[in-house]
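S.K.: First the structure, which I've put down as structure tokens, then a few questions once you've had a look.
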Amino acid sequence: MQNLTRAHQELFSRPADERFCSLPALAAHCRQEKQEAIDRWHLPQLLRPRPDDAHLELTLGDDGAFTMNDWSFSQLCKLAGVSKETVNRLTPETAGRVFADTLPAGQKPLQVLTNGQRVRSIHGASYTRLYNADLLHIVQEFATDFMPPQAGMNDATGLYCGEQDMFAFLIDPTGWIEIEGEAFAPGFFLWNSEVGRRSVGIETFWFQAVCQNHIVWDAVEVIEFTRKHTTNVHDSLGEIRRIIENLVAKRDARRDGFVEVIRKAATTKFGDNADEVLKNLATHGISRQLAKQALELAQQQGRFTIFALVDALTRLTGKIDYAGDRTEADQKVASLLALAA
């Protein structure tokens, strides 16, 4: 089993204005960003930084002047081959002259993503954009029972979107099943960047607990898929859809199987009388004292079925003081359900 920390890292790095309270709210924000986005194609020599008051704007051919955010300014510096830290120490007039001398010329156009009057990113022709809205549409259609976990200790939600990237942490709180006698629920992480900050990807898993730091504890069946934003990046939508569908199908199959086990356990006798029940419990490692207490509770229900005894034993083990002893007892009790499988 693994402890997964992707959501934990996001929880402590996201400011309040990048957090979203629900998946519909995050999806609506991403749809609006997609609707307002424009890809502008210009030759490199038509990108001209110019000073404006205390700032540096970027003129895009005949499209006019635009402001830059930290990410697009970093990309411009990389394109020019100059140090961002050095340029930040210069006046806007001096910085404009530096870019005038260092930005390349060429015959291959650059794609410049703008939202309103702000440049979000600058890329070469080989970069292929995948919008967050398209990715979240897949999630809303095929992961209908999934939602964010409880809010983190700093009120971070598990759903984030900023200027550089998007991240979503979703679980199915009703999807608990048993795997080899232990309880697990399904969940996944999903991430993407419309501006080249990170790849697109998904990581699915079955987990036992999520703490307030959004660390996922004791995860099994961890599956990860990632793809870079190159020509075939939109094919990842189909692959991510398939991964989510497989997770949901496995959840349903396991849940249906578990329900069938419980149904059978509710009708299968563990013994015809009290003495036989005590003897059978002893063969499964249940102490005589605990077995007697469980027998008394089961007798109150008027039956000695596997389910009645498992239910009684579960209530009793919950009162054991020491976690190690409680865990050992729970494992022995869970093994009784296998008799009904």
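Quick note on naming: the chains in the structure tokens go A, B, ... in the order shown, residues restart at 1 in each chain, and ligands are numbered from 1 in order of appearance.
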Go through range 58-151 of chain A and collect every residue that DSSP, computed from the backbone, puts in strand (DSSP E or B); the answer should be as a ChimeraX atom specification.

M.R.: /A:58-60,65-68,110-115,118-123,147

S.K.: Keeping N, CA and C atoms for every residue in the selection just given, could you write it to a file as a compact mmCIF listing (two decimals), in the first residue's frame?

M.R.:
```
# COMPACT_ATOMS: atom_id res chain seq x y z
N LEU A 58 3.13 43.91 -24.07
CA LEU A 58 3.57 43.17 -25.24
C LEU A 58 2.65 43.49 -26.40
N THR A 59 3.20 44.08 -27.45
CA THR A 59 2.42 44.39 -28.65
C THR A 59 2.45 43.20 -29.59
N LEU A 60 1.28 42.78 -30.05
CA LEU A 60 1.15 41.62 -30.92
C LEU A 60 0.70 42.08 -32.30
N ALA A 65 -1.80 46.08 -27.81
CA ALA A 65 -0.91 45.81 -26.67
C ALA A 65 -1.64 45.04 -25.59
N PHE A 66 -0.91 44.13 -24.92
CA PHE A 66 -1.47 43.27 -23.89
C PHE A 66 -0.55 43.27 -22.67
N THR A 67 -1.14 43.09 -21.51
CA THR A 67 -0.34 42.89 -20.31
C THR A 67 0.12 41.44 -20.26
N MET A 68 1.11 41.15 -19.43
CA MET A 68 1.60 39.78 -19.25
C MET A 68 1.48 39.38 -17.79
N LEU A 110 4.45 32.14 -33.83
CA LEU A 110 4.24 31.73 -32.44
C LEU A 110 2.74 31.81 -32.13
N GLN A 111 2.29 30.93 -31.24
CA GLN A 111 0.89 31.04 -30.80
C GLN A 111 0.87 31.70 -29.43
N VAL A 112 0.11 32.76 -29.33
CA VAL A 112 0.02 33.55 -28.11
C VAL A 112 -1.41 33.46 -27.60
N LEU A 113 -1.58 32.87 -26.43
CA LEU A 113 -2.91 32.72 -25.84
C LEU A 113 -3.24 33.97 -25.03
N THR A 114 -4.38 34.58 -25.34
CA THR A 114 -4.83 35.75 -24.59
C THR A 114 -6.22 35.53 -24.03
N ASN A 115 -6.47 36.11 -22.88
CA ASN A 115 -7.80 36.22 -22.30
C ASN A 115 -8.03 37.69 -22.01
N ARG A 118 -4.93 40.23 -21.55
CA ARG A 118 -3.81 39.62 -20.83
C ARG A 118 -3.25 38.44 -21.63
N VAL A 119 -1.94 38.41 -21.76
CA VAL A 119 -1.27 37.26 -22.39
C VAL A 119 -1.07 36.18 -21.34
N ARG A 120 -1.59 34.98 -21.61
CA ARG A 120 -1.44 33.87 -20.67
C ARG A 120 -0.25 32.99 -21.01
N SER A 121 0.06 32.84 -22.30
CA SER A 121 1.18 31.97 -22.66
C SER A 121 1.67 32.27 -24.06
N ILE A 122 2.91 31.84 -24.32
CA ILE A 122 3.55 32.00 -25.63
C ILE A 122 4.20 30.67 -25.98
N HIS A 123 3.81 30.10 -27.12
CA HIS A 123 4.34 28.79 -27.50
C HIS A 123 4.70 28.75 -28.97
N MET A 147 -16.86 13.37 -5.72
CA MET A 147 -16.87 14.74 -5.20
C MET A 147 -15.57 14.99 -4.44
```

S.K.: May I have the residues within 8 Å of range 17-19 of chain A as a ChimeraX atom specification, using only C-alpha atoms and disregarding those fewer than 5 positions away in the same chain?

M.R.: /A:156-162

S.K.: Store the residues picked out above in a file with C-alpha atoms, as a CSV table (one decimal), in the first residue's frame.

M.R.:
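Here's the written file again-v3.csv:
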```csv
chain,number,residue,atom,x,y,z
A,156,ALA,CA,-8.3,24.2,0.9
A,157,THR,CA,-10.8,22.2,-1.1
A,158,GLY,CA,-9.0,19.7,-3.4
A,159,LEU,CA,-10.3,21.6,-6.4
A,160,TYR,CA,-8.0,24.3,-7.8
A,161,CYS,CA,-7.5,26.4,-10.9
A,162,GLY,CA,-5.0,29.3,-11.4
```

S.K.: Quick one: residues within 10 Å of Asn132 in chain A, only C-alpha atoms, excluding same-chain residues fewer than 2 positions away - as a list in words?

M.R.: Leu26, Ala27, His29, Cys30, Arg31, Glu33, Lys34, Arg129, Leu130, Asp134, Leu135, Leu136, His137, Cys161, Asp165, Met166, Phe167, Trp191, Asn192, Ser193, Glu194 and Val200 of chain A

S.K.: Hey, can you spit out that residue selection with C-alpha atoms as a PDB file, in the first residue's frame?

M.R.:
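Full text of again_26.pdb as output:
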```
ATOM      1  CA  LEU A  26     -14.688  24.695 -11.114  1.00  0.00           C
ATOM      2  CA  ALA A  27     -16.139  23.504 -14.439  1.00  0.00           C
ATOM      3  CA  HIS A  29     -14.908  28.787 -14.318  1.00  0.00           C
ATOM      4  CA  CYS A  30     -12.973  26.699 -16.848  1.00  0.00           C
ATOM      5  CA  ARG A  31     -15.749  26.985 -19.447  1.00  0.00           C
ATOM      6  CA  GLU A  33     -11.909  30.842 -19.526  1.00  0.00           C
ATOM      7  CA  LYS A  34     -12.196  28.722 -22.675  1.00  0.00           C
ATOM      8  CA  ARG A 129      -3.567  23.103 -26.190  1.00  0.00           C
ATOM      9  CA  LEU A 130      -6.035  20.996 -24.215  1.00  0.00           C
ATOM     10  CA  ASP A 134     -12.950  19.648 -22.073  1.00  0.00           C
ATOM     11  CA  LEU A 135     -11.237  17.502 -19.467  1.00  0.00           C
ATOM     12  CA  LEU A 136     -13.756  18.317 -16.742  1.00  0.00           C
ATOM     13  CA  HIS A 137     -16.629  17.578 -19.129  1.00  0.00           C
ATOM     14  CA  CYS A 161      -7.456  26.380 -10.913  1.00  0.00           C
ATOM     15  CA  ASP A 165      -2.788  24.943 -14.166  1.00  0.00           C
ATOM     16  CA  MET A 166      -5.774  23.017 -12.826  1.00  0.00           C
ATOM     17  CA  PHE A 167      -5.895  20.190 -10.264  1.00  0.00           C
ATOM     18  CA  TRP A 191      -4.466  17.691 -13.612  1.00  0.00           C
ATOM     19  CA  ASN A 192      -3.812  19.801 -16.699  1.00  0.00           C
ATOM     20  CA  SER A 193      -2.327  23.072 -17.861  1.00  0.00           C
ATOM     21  CA  GLU A 194      -3.618  25.186 -20.727  1.00  0.00           C
ATOM     22  CA  VAL A 200      -2.276  16.370 -18.633  1.00  0.00           C
TER      23      VAL A 200
END
```

S.K.: Report, in Å to a single decimal, how far apart CA of Arg242 in chain A and CA of Leu170 in chain A are.

M.R.: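 Answer for the CA of Leu170 in chain A to CA of Arg242 in chain A separation: 16.7 Å.
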
S.K.: Step one, run DSSP on the backbone; step two, keep only residues of range 4-251 of chain A assigned to alpha helix (DSSP H); then write them as a ChimeraX atom specification.

M.R.: /A:6-11,23-36,70-80,84-88,92-102,132-142,235-251

S.K.: Grab the residues selected above and save them as an mmCIF file, in the first residue's frame with C-alpha atoms.

M.R.:
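Output below, filename again_15.cif:
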```cif
data_model
loop_
_atom_site.group_PDB
_atom_site.id
_atom_site.type_symbol
_atom_site.label_atom_id
_atom_site.label_comp_id
_atom_site.auth_asym_id
_atom_site.auth_seq_id
_atom_site.Cartn_x
_atom_site.Cartn_y
_atom_site.Cartn_z
ATOM 1 C CA ARG A 6 -0.154 14.952 -4.765
ATOM 2 C CA ALA A 7 -3.219 16.581 -3.167
ATOM 3 C CA HIS A 8 -1.217 17.357 -0.019
ATOM 4 C CA GLN A 9 1.292 19.345 -2.067
ATOM 5 C CA GLU A 10 -1.477 21.246 -3.841
ATOM 6 C CA LEU A 11 -3.263 22.021 -0.570
ATOM 7 C CA LEU A 23 -16.861 20.491 -9.245
ATOM 8 C CA PRO A 24 -19.668 22.431 -11.022
ATOM 9 C CA ALA A 25 -18.130 25.719 -9.834
ATOM 10 C CA LEU A 26 -14.688 24.695 -11.114
ATOM 11 C CA ALA A 27 -16.139 23.504 -14.439
ATOM 12 C CA ALA A 28 -18.073 26.759 -14.911
ATOM 13 C CA HIS A 29 -14.908 28.787 -14.318
ATOM 14 C CA CYS A 30 -12.973 26.699 -16.848
ATOM 15 C CA ARG A 31 -15.749 26.985 -19.447
ATOM 16 C CA GLN A 32 -15.698 30.761 -19.119
ATOM 17 C CA GLU A 33 -11.909 30.842 -19.526
ATOM 18 C CA LYS A 34 -12.196 28.722 -22.675
ATOM 19 C CA GLN A 35 -14.913 30.960 -24.118
ATOM 20 C CA GLU A 36 -12.791 34.073 -23.542
ATOM 21 C CA ASP A 70 4.300 35.953 -14.472
ATOM 22 C CA TRP A 71 4.118 32.806 -16.617
ATOM 23 C CA SER A 72 3.926 34.499 -20.012
ATOM 24 C CA PHE A 73 6.678 36.954 -18.999
ATOM 25 C CA SER A 74 8.860 33.954 -18.062
ATOM 26 C CA GLN A 75 8.203 32.426 -21.479
ATOM 27 C CA LEU A 76 9.087 35.697 -23.205
ATOM 28 C CA CYS A 77 12.388 35.838 -21.319
ATOM 29 C CA LYS A 78 13.146 32.255 -22.323
ATOM 30 C CA LEU A 79 12.319 33.036 -25.942
ATOM 31 C CA ALA A 80 14.726 35.986 -25.822
ATOM 32 C CA LYS A 84 14.007 36.872 -15.905
ATOM 33 C CA GLU A 85 15.608 37.911 -12.609
ATOM 34 C CA THR A 86 17.898 40.352 -14.414
ATOM 35 C CA VAL A 87 15.098 41.890 -16.518
ATOM 36 C CA ASN A 88 12.965 42.359 -13.397
ATOM 37 C CA PRO A 92 10.514 49.208 -18.281
ATOM 38 C CA GLU A 93 12.349 51.380 -20.847
ATOM 39 C CA THR A 94 15.620 49.471 -20.436
ATOM 40 C CA ALA A 95 13.825 46.101 -20.422
ATOM 41 C CA GLY A 96 12.101 47.061 -23.676
ATOM 42 C CA ARG A 97 15.475 47.778 -25.308
ATOM 43 C CA VAL A 98 16.871 44.460 -24.034
ATOM 44 C CA PHE A 99 14.030 42.532 -25.652
ATOM 45 C CA ALA A 100 14.339 44.542 -28.858
ATOM 46 C CA ASP A 101 17.943 43.334 -29.130
ATOM 47 C CA THR A 102 17.399 39.714 -28.053
ATOM 48 C CA ASN A 132 -9.478 22.301 -18.759
ATOM 49 C CA ALA A 133 -13.175 22.579 -19.632
ATOM 50 C CA ASP A 134 -12.950 19.648 -22.073
ATOM 51 C CA LEU A 135 -11.237 17.502 -19.467
ATOM 52 C CA LEU A 136 -13.756 18.317 -16.742
ATOM 53 C CA HIS A 137 -16.629 17.578 -19.129
ATOM 54 C CA ILE A 138 -15.415 13.961 -19.222
ATOM 55 C CA VAL A 139 -15.337 13.845 -15.421
ATOM 56 C CA GLN A 140 -18.832 15.297 -15.006
ATOM 57 C CA GLU A 141 -20.249 12.827 -17.520
ATOM 58 C CA PHE A 142 -18.572 9.624 -16.355
ATOM 59 C CA ASP A 235 -6.378 11.531 -27.709
ATOM 60 C CA SER A 236 -5.779 11.617 -23.957
ATOM 61 C CA LEU A 237 -9.442 12.577 -23.443
ATOM 62 C CA GLY A 238 -10.481 9.140 -24.691
ATOM 63 C CA GLU A 239 -7.859 7.406 -22.552
ATOM 64 C CA ILE A 240 -8.840 9.344 -19.420
ATOM 65 C CA ARG A 241 -12.480 8.559 -20.112
ATOM 66 C CA ARG A 242 -11.620 4.852 -20.371
ATOM 67 C CA ILE A 243 -9.643 4.956 -17.102
ATOM 68 C CA ILE A 244 -12.529 6.622 -15.250
ATOM 69 C CA GLU A 245 -15.045 4.177 -16.747
ATOM 70 C CA ASN A 246 -12.882 1.247 -15.615
ATOM 71 C CA LEU A 247 -12.665 2.671 -12.101
ATOM 72 C CA VAL A 248 -16.448 3.109 -11.931
ATOM 73 C CA ALA A 249 -17.087 -0.348 -13.407
ATOM 74 C CA LYS A 250 -14.756 -1.985 -10.891
ATOM 75 C CA ARG A 251 -16.439 -0.060 -8.068
#
```

S.K.: Neighbouring residues of Ala219 in chain A were defined as those with any atom within 9 Å, considering only C-alpha atoms; residues of the same chain fewer than 6 positions away were excluded. Please report them as a ChimeraX atom specification.

M.R.: /A:1-4,184,205-209
